[in-house]
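Heads up, start.pdb below (PDB, C-alpha atoms and all ligand atoms):
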ATOM      1  CA  MET V   1     -33.529 -96.997 152.719  1.00  0.00           C
ATOM      2  CA  ALA V   2     -30.802 -95.230 150.714  1.00  0.00           C
ATOM      3  CA  GLU V   3     -28.809 -97.387 148.321  1.00  0.00           C
ATOM      4  CA  LYS V   4     -25.468 -98.623 149.634  1.00  0.00           C
ATOM      5  CA  THR V   5     -22.391 -96.886 148.278  1.00  0.00           C
ATOM      6  CA  ILE V   6     -19.782 -98.941 146.447  1.00  0.00           C
ATOM      7  CA  PHE V   7     -17.480 -98.531 149.460  1.00  0.00           C
ATOM      8  CA  LYS V   8     -20.134 -99.812 151.881  1.00  0.00           C
ATOM      9  CA  ARG V   9     -20.489-102.820 149.605  1.00  0.00           C
ATOM     10  CA  ILE V  10     -16.721-103.382 149.859  1.00  0.00           C
ATOM     11  CA  ILE V  11     -16.939-103.112 153.676  1.00  0.00           C
ATOM     12  CA  ASP V  12     -19.770-105.663 153.660  1.00  0.00           C
ATOM     13  CA  GLY V  13     -17.787-108.020 151.415  1.00  0.00           C
ATOM     14  CA  GLU V  14     -20.352-107.831 148.616  1.00  0.00           C
ATOM     15  CA  ILE V  15     -17.809-106.793 146.001  1.00  0.00           C
ATOM     16  CA  PRO V  16     -14.119-107.652 145.951  1.00  0.00           C
ATOM     17  CA  ALA V  17     -11.298-105.237 146.592  1.00  0.00           C
ATOM     18  CA  ASP V  18      -7.530-105.542 146.854  1.00  0.00           C
ATOM     19  CA  ILE V  19      -7.430-104.853 150.590  1.00  0.00           C
ATOM     20  CA  VAL V  20      -4.045-103.829 151.995  1.00  0.00           C
ATOM     21  CA  HIS V  21      -5.168-103.138 155.571  1.00  0.00           C
ATOM     22  CA  GLN V  22      -8.231-103.601 157.745  1.00  0.00           C
ATOM     23  CA  ASP V  23      -9.006-103.187 161.408  1.00  0.00           C
ATOM     24  CA  GLU V  24     -12.046-102.570 163.581  1.00  0.00           C
ATOM     25  CA  GLN V  25     -12.351 -98.949 162.452  1.00  0.00           C
ATOM     26  CA  CYS V  26     -11.169 -98.764 158.865  1.00  0.00           C
ATOM     27  CA  LEU V  27     -10.317-100.441 155.598  1.00  0.00           C
ATOM     28  CA  ALA V  28      -7.643 -99.626 152.990  1.00  0.00           C
ATOM     29  CA  PHE V  29      -7.648-100.998 149.444  1.00  0.00           C
ATOM     30  CA  ARG V  30      -6.128-100.295 146.039  1.00  0.00           C
ATOM     31  CA  ASP V  31      -8.037 -97.837 143.874  1.00  0.00           C
ATOM     32  CA  ILE V  32      -9.646 -99.507 140.862  1.00  0.00           C
ATOM     33  CA  SER V  33      -8.409 -96.668 138.631  1.00  0.00           C
ATOM     34  CA  PRO V  34      -4.961 -95.799 140.027  1.00  0.00           C
ATOM     35  CA  GLN V  35      -3.643 -92.290 139.393  1.00  0.00           C
ATOM     36  CA  ALA V  36      -0.128 -93.134 140.567  1.00  0.00           C
ATOM     37  CA  PRO V  37       1.948 -96.339 140.911  1.00  0.00           C
ATOM     38  CA  THR V  38       0.598 -96.577 144.469  1.00  0.00           C
ATOM     39  CA  HIS V  39      -2.985 -95.401 144.931  1.00  0.00           C
ATOM     40  CA  ILE V  40      -4.745 -96.545 148.094  1.00  0.00           C
ATOM     41  CA  VAL V  41      -8.205 -95.578 149.314  1.00  0.00           C
ATOM     42  CA  VAL V  42      -8.615 -95.457 153.093  1.00  0.00           C
ATOM     43  CA  ILE V  43     -12.159 -95.457 154.472  1.00  0.00           C
ATOM     44  CA  PRO V  44     -13.774 -95.593 157.893  1.00  0.00           C
ATOM     45  CA  ARG V  45     -16.170 -98.495 158.464  1.00  0.00           C
ATOM     46  CA  LYS V  46     -18.550 -95.894 159.856  1.00  0.00           C
ATOM     47  CA  GLU V  47     -20.782 -94.483 157.141  1.00  0.00           C
ATOM     48  CA  ILE V  48     -19.841 -90.793 156.964  1.00  0.00           C
ATOM     49  CA  PRO V  49     -20.862 -89.345 153.573  1.00  0.00           C
ATOM     50  CA  SER V  50     -18.055 -86.781 153.285  1.00  0.00           C
ATOM     51  CA  LEU V  51     -15.567 -84.641 155.185  1.00  0.00           C
ATOM     52  CA  ALA V  52     -18.385 -82.108 155.532  1.00  0.00           C
ATOM     53  CA  HIS V  53     -20.259 -84.660 157.648  1.00  0.00           C
ATOM     54  CA  VAL V  54     -17.465 -85.400 160.140  1.00  0.00           C
ATOM     55  CA  GLY V  55     -18.734 -84.739 163.646  1.00  0.00           C
ATOM     56  CA  ASP V  56     -17.000 -83.559 166.805  1.00  0.00           C
ATOM     57  CA  ASP V  57     -17.284 -87.128 168.103  1.00  0.00           C
ATOM     58  CA  ASP V  58     -15.365 -88.429 165.070  1.00  0.00           C
ATOM     59  CA  ALA V  59     -12.081 -86.790 166.082  1.00  0.00           C
ATOM     60  CA  ALA V  60     -10.491 -89.999 167.400  1.00  0.00           C
ATOM     61  CA  LEU V  61     -11.582 -91.895 164.273  1.00  0.00           C
ATOM     62  CA  MET V  62     -10.057 -89.218 162.038  1.00  0.00           C
ATOM     63  CA  GLY V  63      -6.821 -89.461 164.002  1.00  0.00           C
ATOM     64  CA  HIS V  64      -6.827 -93.225 163.557  1.00  0.00           C
ATOM     65  CA  LEU V  65      -7.278 -92.854 159.799  1.00  0.00           C
ATOM     66  CA  VAL V  66      -4.356 -90.429 159.544  1.00  0.00           C
ATOM     67  CA  VAL V  67      -2.077 -92.627 161.661  1.00  0.00           C
ATOM     68  CA  THR V  68      -3.101 -95.622 159.516  1.00  0.00           C
ATOM     69  CA  ILE V  69      -2.190 -93.691 156.367  1.00  0.00           C
ATOM     70  CA  ARG V  70       1.243 -92.871 157.796  1.00  0.00           C
ATOM     71  CA  LYS V  71       1.814 -96.576 158.628  1.00  0.00           C
ATOM     72  CA  LEU V  72       0.656 -97.645 155.164  1.00  0.00           C
ATOM     73  CA  ALA V  73       3.006 -95.135 153.528  1.00  0.00           C
ATOM     74  CA  GLU V  74       5.865 -96.721 155.492  1.00  0.00           C
ATOM     75  CA  GLN V  75       4.792-100.291 154.661  1.00  0.00           C
ATOM     76  CA  LEU V  76       4.405 -99.439 150.989  1.00  0.00           C
ATOM     77  CA  GLN V  77       7.838 -97.802 151.062  1.00  0.00           C
ATOM     78  CA  LEU V  78       6.757 -94.393 149.814  1.00  0.00           C
ATOM     79  CA  ASP V  79      10.107 -93.098 151.011  1.00  0.00           C
ATOM     80  CA  GLN V  80      10.302 -90.244 148.507  1.00  0.00           C
ATOM     81  CA  GLY V  81       7.038 -88.752 149.729  1.00  0.00           C
ATOM     82  CA  TYR V  82       3.365 -89.053 148.954  1.00  0.00           C
ATOM     83  CA  ARG V  83       0.126 -87.119 148.815  1.00  0.00           C
ATOM     84  CA  VAL V  84      -3.074 -87.546 150.829  1.00  0.00           C
ATOM     85  CA  ILE V  85      -6.260 -86.158 149.298  1.00  0.00           C
ATOM     86  CA  VAL V  86      -9.861 -85.879 150.447  1.00  0.00           C
ATOM     87  CA  ASN V  87     -12.258 -84.808 147.713  1.00  0.00           C
ATOM     88  CA  CYS V  88     -15.353 -83.265 149.292  1.00  0.00           C
ATOM     89  CA  GLY V  89     -18.632 -82.554 147.570  1.00  0.00           C
ATOM     90  CA  LEU V  90     -19.417 -81.490 144.025  1.00  0.00           C
ATOM     91  CA  TYR V  91     -16.691 -78.889 143.540  1.00  0.00           C
ATOM     92  CA  GLY V  92     -14.194 -81.086 145.373  1.00  0.00           C
ATOM     93  CA  GLY V  93     -14.716 -83.800 142.762  1.00  0.00           C
ATOM     94  CA  GLN V  94     -16.083 -86.413 145.157  1.00  0.00           C
ATOM     95  CA  THR V  95     -17.735 -89.304 143.298  1.00  0.00           C
ATOM     96  CA  VAL V  96     -18.366 -91.824 146.093  1.00  0.00           C
ATOM     97  CA  ASP V  97     -20.459 -90.580 149.010  1.00  0.00           C
ATOM     98  CA  HIS V  98     -18.539 -92.406 151.718  1.00  0.00           C
ATOM     99  CA  LEU V  99     -15.683 -90.441 153.313  1.00  0.00           C
ATOM    100  CA  HIS V 100     -12.324 -91.577 151.937  1.00  0.00           C
ATOM    101  CA  PHE V 101      -8.697 -90.543 151.883  1.00  0.00           C
ATOM    102  CA  HIS V 102      -6.602 -91.096 148.755  1.00  0.00           C
ATOM    103  CA  LEU V 103      -2.971 -92.065 149.399  1.00  0.00           C
ATOM    104  CA  LEU V 104      -0.921 -91.471 146.253  1.00  0.00           C
ATOM    105  CA  GLY V 105       2.757 -92.168 145.747  1.00  0.00           C
ATOM    106  CA  GLY V 106       5.436 -93.815 143.680  1.00  0.00           C
ATOM    107  CA  ARG V 107       5.986 -90.869 141.350  1.00  0.00           C
ATOM    108  CA  ALA V 108       6.497 -87.109 141.626  1.00  0.00           C
ATOM    109  CA  LEU V 109       3.102 -85.401 141.711  1.00  0.00           C
ATOM    110  CA  SER V 110       2.470 -81.991 140.202  1.00  0.00           C
ATOM    111  CA  TRP V 111       0.868 -79.024 141.944  1.00  0.00           C
ATOM    112  CA  PRO V 112      -1.618 -77.324 141.828  1.00  0.00           C
ATOM    113  CA  PRO V 113      -4.338 -79.907 141.130  1.00  0.00           C
ATOM    114  CA  GLY V 114      -6.837 -79.155 138.352  1.00  0.00           C
TER     115      GLY V 114
HETATM  116  P1  LIG V 201     -13.492 -89.666 144.709  1.00  0.00           P
HETATM  117  O1  LIG V 201     -13.549 -89.270 143.259  1.00  0.00           O
HETATM  118  O2  LIG V 201     -14.879 -89.824 145.291  1.00  0.00           O
HETATM  119  O3  LIG V 201     -12.603 -88.828 145.555  1.00  0.00           O
HETATM  120  O4  LIG V 201     -12.791 -91.087 144.721  1.00  0.00           O
HETATM  121  C1  LIG V 201     -13.459 -92.273 144.503  1.00  0.00           C
HETATM  122  C2  LIG V 201     -12.411 -93.280 144.094  1.00  0.00           C
HETATM  123  O5  LIG V 201     -12.956 -94.561 144.211  1.00  0.00           O
HETATM  124  C3  LIG V 201     -11.942 -93.125 142.642  1.00  0.00           C
HETATM  125  O6  LIG V 201     -10.546 -92.897 142.622  1.00  0.00           O
HETATM  126  C4  LIG V 201     -12.327 -94.432 141.992  1.00  0.00           C
HETATM  127  O7  LIG V 201     -11.394 -94.882 141.060  1.00  0.00           O
HETATM  128  C5  LIG V 201     -12.453 -95.367 143.185  1.00  0.00           C
HETATM  129  N1  LIG V 201     -13.405 -96.452 142.996  1.00  0.00           N
HETATM  130  C6  LIG V 201     -14.669 -96.348 142.506  1.00  0.00           C
HETATM  131  N2  LIG V 201     -15.272 -97.533 142.489  1.00  0.00           N
HETATM  132  C7  LIG V 201     -14.363 -98.426 142.975  1.00  0.00           C
HETATM  133  C8  LIG V 201     -14.413 -99.840 143.201  1.00  0.00           C
HETATM  134  O8  LIG V 201     -15.401-100.527 142.944  1.00  0.00           O
HETATM  135  N3  LIG V 201     -13.306-100.401 143.718  1.00  0.00           N
HETATM  136  C9  LIG V 201     -12.178 -99.679 144.012  1.00  0.00           C
HETATM  137  N4  LIG V 201     -11.150-100.342 144.510  1.00  0.00           N
HETATM  138  N5  LIG V 201     -12.104 -98.347 143.823  1.00  0.00           N
HETATM  139  C10 LIG V 201     -13.189 -97.733 143.298  1.00  0.00           C
END
Produce structure tokens that represent the structure in this file.
Ligand code: 5GP
Amino acid sequence: MAEKTIFKRIIDGEIPADIVHQDEQCLAFRDISPQAPTHIVVIPRKEIPSLAHVGDDDAALMGHLVVTIRKLAEQLQLDQGYRVIVNCGLYGGQTVDHLHFHLLGGRALSWPPG
């Protein structure tokens, strides 16, 4: 069996995380290496390796993740705006093979990314 990703280990409670939200479909926690004053990682409980692996039957789950991100941004008072990022695959800079959304805020972010 393939080795569990670090995010699956967080879902299973095997390693700690600063969890800011959880429900039956997803989990949100603070990134261990924050790139902005607020840096949250939002993941589905379902093991989907990347955005490239999202199926047609995952549409409702993806909607739930996006709505959850919007609610988190409100709760965390990111009133000046924020950025949501999904790194996908090698060229996308993905390092953990469990689909995740980055929610970044609390400072002005530059564009374009590197
Ligand atoms: P990626 O580079 O795959 O888009 O993002 C993976 C993110 O997961 C990185 O921002 C990294 O800092 C974060 N990360 C990696 N390991 C851990 C961990 O054990 N705990 C937490 N909270 N975040 C992690």
(request) Within 9 Å of segment 15-30 of chain V, counting only C-alpha atoms, which residues show up once you throw out same-chain ones fewer than 6 positions away? Write them as a ChimeraX atom specification, please. (result) /V:6-7,9,38-46,61,64-65,68-69,72
Generate the output file for the selected residues, C-alpha atoms, as a PDB file, in the frame of the given file.
ATOM      1  CA  ILE V   6     -19.782 -98.941 146.447  1.00  0.00           C
ATOM      2  CA  PHE V   7     -17.480 -98.531 149.460  1.00  0.00           C
ATOM      3  CA  ARG V   9     -20.489-102.820 149.605  1.00  0.00           C
ATOM      4  CA  THR V  38       0.598 -96.577 144.469  1.00  0.00           C
ATOM      5  CA  HIS V  39      -2.985 -95.401 144.931  1.00  0.00           C
ATOM      6  CA  ILE V  40      -4.745 -96.545 148.094  1.00  0.00           C
ATOM      7  CA  VAL V  41      -8.205 -95.578 149.314  1.00  0.00           C
ATOM      8  CA  VAL V  42      -8.615 -95.457 153.093  1.00  0.00           C
ATOM      9  CA  ILE V  43     -12.159 -95.457 154.472  1.00  0.00           C
ATOM     10  CA  PRO V  44     -13.774 -95.593 157.893  1.00  0.00           C
ATOM     11  CA  ARG V  45     -16.170 -98.495 158.464  1.00  0.00           C
ATOM     12  CA  LYS V  46     -18.550 -95.894 159.856  1.00  0.00           C
ATOM     13  CA  LEU V  61     -11.582 -91.895 164.273  1.00  0.00           C
ATOM     14  CA  HIS V  64      -6.827 -93.225 163.557  1.00  0.00           C
ATOM     15  CA  LEU V  65      -7.278 -92.854 159.799  1.00  0.00           C
ATOM     16  CA  THR V  68      -3.101 -95.622 159.516  1.00  0.00           C
ATOM     17  CA  ILE V  69      -2.190 -93.691 156.367  1.00  0.00           C
ATOM     18  CA  LEU V  72       0.656 -97.645 155.164  1.00  0.00           C
TER      19      LEU V  72
END
(message) Report, in Å to a single decimal, how far apart atom CA of His100 of chain V and atom O4 of ligand LIG 201 (chain V) are.
(response)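 Interatomic distance here is 7.2 Å.
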Counting only C-alpha atoms and all ligand atoms, what residues are within 6 Å of ligand LIG 201 (chain V), given as a PDB file with C-alpha atoms, keeping the file's coordinate frame?
ATOM      1  CA  ILE V   6     -19.782 -98.941 146.447  1.00  0.00           C
ATOM      2  CA  ALA V  17     -11.298-105.237 146.592  1.00  0.00           C
ATOM      3  CA  ARG V  30      -6.128-100.295 146.039  1.00  0.00           C
ATOM      4  CA  ASP V  31      -8.037 -97.837 143.874  1.00  0.00           C
ATOM      5  CA  ILE V  32      -9.646 -99.507 140.862  1.00  0.00           C
ATOM      6  CA  SER V  33      -8.409 -96.668 138.631  1.00  0.00           C
ATOM      7  CA  ASN V  87     -12.258 -84.808 147.713  1.00  0.00           C
ATOM      8  CA  GLY V  93     -14.716 -83.800 142.762  1.00  0.00           C
ATOM      9  CA  GLN V  94     -16.083 -86.413 145.157  1.00  0.00           C
ATOM     10  CA  THR V  95     -17.735 -89.304 143.298  1.00  0.00           C
ATOM     11  CA  VAL V  96     -18.366 -91.824 146.093  1.00  0.00           C
TER      12      VAL V  96
END
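Here atom CA of Lys4 of chain V is placed at a distance of 23.4 Å from atom CA of Leu103 of chain V.
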(request) Take the point (-1.9, -87.5, 148.1) as written in the file and pick out every residue within 6 Å of it, counting all atoms listed in the file; give the list as a PyMOL selection string. (result) chain V and resi 82-85+102-104
Output for the residues just chosen: C-alpha atoms as a compact mmCIF listing (two decimals), in the frame of the given file:
# COMPACT_ATOMS: atom_id res chain seq x y z
CA TYR V 82 3.36 -89.05 148.95
CA ARG V 83 0.13 -87.12 148.82
CA VAL V 84 -3.07 -87.55 150.83
CA ILE V 85 -6.26 -86.16 149.30
CA HIS V 102 -6.60 -91.10 148.76
CA LEU V 103 -2.97 -92.06 149.40
CA LEU V 104 -0.92 -91.47 146.25
Should you be able to, write segment 64-94 of chain V of this structure into a file that contains N, CA, C and O atoms, as a CSV table (one decimal), in the first residue's frame.
chain,number,residue,atom,x,y,z
V,64,HIS,N,-18.1,22.7,-2.0
V,64,HIS,CA,-18.1,22.8,-0.5
V,64,HIS,C,-16.7,23.4,-0.1
V,64,HIS,O,-16.7,24.2,0.8
V,65,LEU,N,-15.6,23.0,-0.7
V,65,LEU,CA,-14.3,23.5,-0.3
V,65,LEU,C,-14.3,25.0,-0.6
V,65,LEU,O,-13.8,25.7,0.3
V,66,VAL,N,-14.8,25.4,-1.7
V,66,VAL,CA,-14.7,26.8,-2.0
V,66,VAL,C,-15.6,27.7,-1.1
V,66,VAL,O,-15.2,28.7,-0.6
V,67,VAL,N,-16.8,27.1,-0.8
V,67,VAL,CA,-17.7,27.9,0.1
V,67,VAL,C,-17.0,27.9,1.5
V,67,VAL,O,-17.1,28.9,2.2
V,68,THR,N,-16.4,26.8,1.9
V,68,THR,CA,-15.7,26.8,3.2
V,68,THR,C,-14.6,27.8,3.3
V,68,THR,O,-14.4,28.5,4.3
V,69,ILE,N,-13.8,28.0,2.2
V,69,ILE,CA,-12.8,29.0,2.1
V,69,ILE,C,-13.3,30.4,2.2
V,69,ILE,O,-12.8,31.2,3.0
V,70,ARG,N,-14.4,30.6,1.6
V,70,ARG,CA,-15.1,32.0,1.7
V,70,ARG,C,-15.5,32.2,3.1
V,70,ARG,O,-15.3,33.3,3.7
V,71,LYS,N,-16.1,31.2,3.8
V,71,LYS,CA,-16.5,31.4,5.2
V,71,LYS,C,-15.3,31.6,6.1
V,71,LYS,O,-15.3,32.5,7.0
V,72,LEU,N,-14.2,30.9,5.9
V,72,LEU,CA,-13.0,31.0,6.7
V,72,LEU,C,-12.4,32.4,6.5
V,72,LEU,O,-11.9,33.0,7.5
V,73,ALA,N,-12.4,32.9,5.3
V,73,ALA,CA,-11.9,34.3,5.0
V,73,ALA,C,-12.7,35.3,5.8
V,73,ALA,O,-12.1,36.2,6.3
V,74,GLU,N,-14.0,35.1,5.9
V,74,GLU,CA,-14.8,36.0,6.7
V,74,GLU,C,-14.4,35.9,8.2
V,74,GLU,O,-14.2,36.9,8.9
V,75,GLN,N,-14.4,34.6,8.7
V,75,GLN,CA,-14.1,34.4,10.1
V,75,GLN,C,-12.7,34.9,10.5
V,75,GLN,O,-12.5,35.5,11.6
V,76,LEU,N,-11.8,34.8,9.6
V,76,LEU,CA,-10.4,35.2,9.9
V,76,LEU,C,-10.2,36.7,9.5
V,76,LEU,O,-9.1,37.2,9.6
V,77,GLN,N,-11.3,37.4,9.2
V,77,GLN,CA,-11.3,38.8,8.9
V,77,GLN,C,-10.3,39.3,7.9
V,77,GLN,O,-9.6,40.3,8.1
V,78,LEU,N,-10.3,38.6,6.8
V,78,LEU,CA,-9.4,39.0,5.7
V,78,LEU,C,-10.2,40.0,4.8
V,78,LEU,O,-10.4,39.8,3.6
V,79,ASP,N,-10.5,41.1,5.5
V,79,ASP,CA,-11.4,42.0,4.8
V,79,ASP,C,-10.8,42.8,3.7
V,79,ASP,O,-11.5,43.3,2.8
V,80,GLN,N,-9.5,42.9,3.6
V,80,GLN,CA,-8.8,43.6,2.6
V,80,GLN,C,-8.6,42.7,1.3
V,80,GLN,O,-8.0,43.2,0.4
V,81,GLY,N,-9.0,41.5,1.4
V,81,GLY,CA,-8.8,40.6,0.3
V,81,GLY,C,-7.8,39.4,0.7
V,81,GLY,O,-7.2,39.4,1.7
V,82,TYR,N,-7.8,38.5,-0.2
V,82,TYR,CA,-6.9,37.3,0.0
V,82,TYR,C,-6.7,36.6,-1.3
V,82,TYR,O,-7.2,37.0,-2.3
V,83,ARG,N,-5.9,35.5,-1.2
V,83,ARG,CA,-5.6,34.8,-2.4
V,83,ARG,C,-5.8,33.3,-2.1
V,83,ARG,O,-5.4,32.8,-1.0
V,84,VAL,N,-6.3,32.6,-3.1
V,84,VAL,CA,-6.5,31.1,-3.0
V,84,VAL,C,-5.7,30.5,-4.1
V,84,VAL,O,-5.8,30.9,-5.3
V,85,ILE,N,-4.9,29.5,-3.7
V,85,ILE,CA,-3.9,28.9,-4.6
V,85,ILE,C,-4.1,27.4,-4.6
V,85,ILE,O,-4.1,26.8,-3.5
V,86,VAL,N,-4.0,26.8,-5.7
V,86,VAL,CA,-3.9,25.3,-5.8
V,86,VAL,C,-2.6,25.0,-6.7
V,86,VAL,O,-2.6,25.3,-7.9
V,87,ASN,N,-1.6,24.5,-6.1
V,87,ASN,CA,-0.4,24.1,-6.8
V,87,ASN,C,-0.7,22.7,-7.3
V,87,ASN,O,-1.1,21.8,-6.5
V,88,CYS,N,-0.4,22.4,-8.6
V,88,CYS,CA,-0.8,21.1,-9.2
V,88,CYS,C,0.4,20.6,-9.9
V,88,CYS,O,0.9,21.2,-10.9
V,89,GLY,N,0.9,19.4,-9.4
V,89,GLY,CA,1.9,18.7,-10.2
V,89,GLY,C,3.3,19.4,-10.0
V,89,GLY,O,3.5,20.3,-9.3
V,90,LEU,N,4.3,18.8,-10.8
V,90,LEU,CA,5.7,19.2,-10.7
V,90,LEU,C,5.9,20.7,-11.0
V,90,LEU,O,6.4,21.5,-10.2
V,91,TYR,N,5.4,21.1,-12.2
V,91,TYR,CA,5.6,22.5,-12.6
V,91,TYR,C,4.7,23.5,-11.8
V,91,TYR,O,5.0,24.6,-11.7
V,92,GLY,N,3.7,23.0,-11.2
V,92,GLY,CA,2.8,23.8,-10.3
V,92,GLY,C,3.4,24.0,-8.9
V,92,GLY,O,2.9,24.8,-8.2
V,93,GLY,N,4.5,23.2,-8.6
V,93,GLY,CA,5.1,23.4,-7.3
V,93,GLY,C,4.4,22.6,-6.2
V,93,GLY,O,4.7,22.9,-5.0
V,94,GLN,N,3.7,21.6,-6.5
V,94,GLN,CA,3.0,20.8,-5.5
V,94,GLN,C,4.0,19.9,-4.8
V,94,GLN,O,4.8,19.2,-5.5
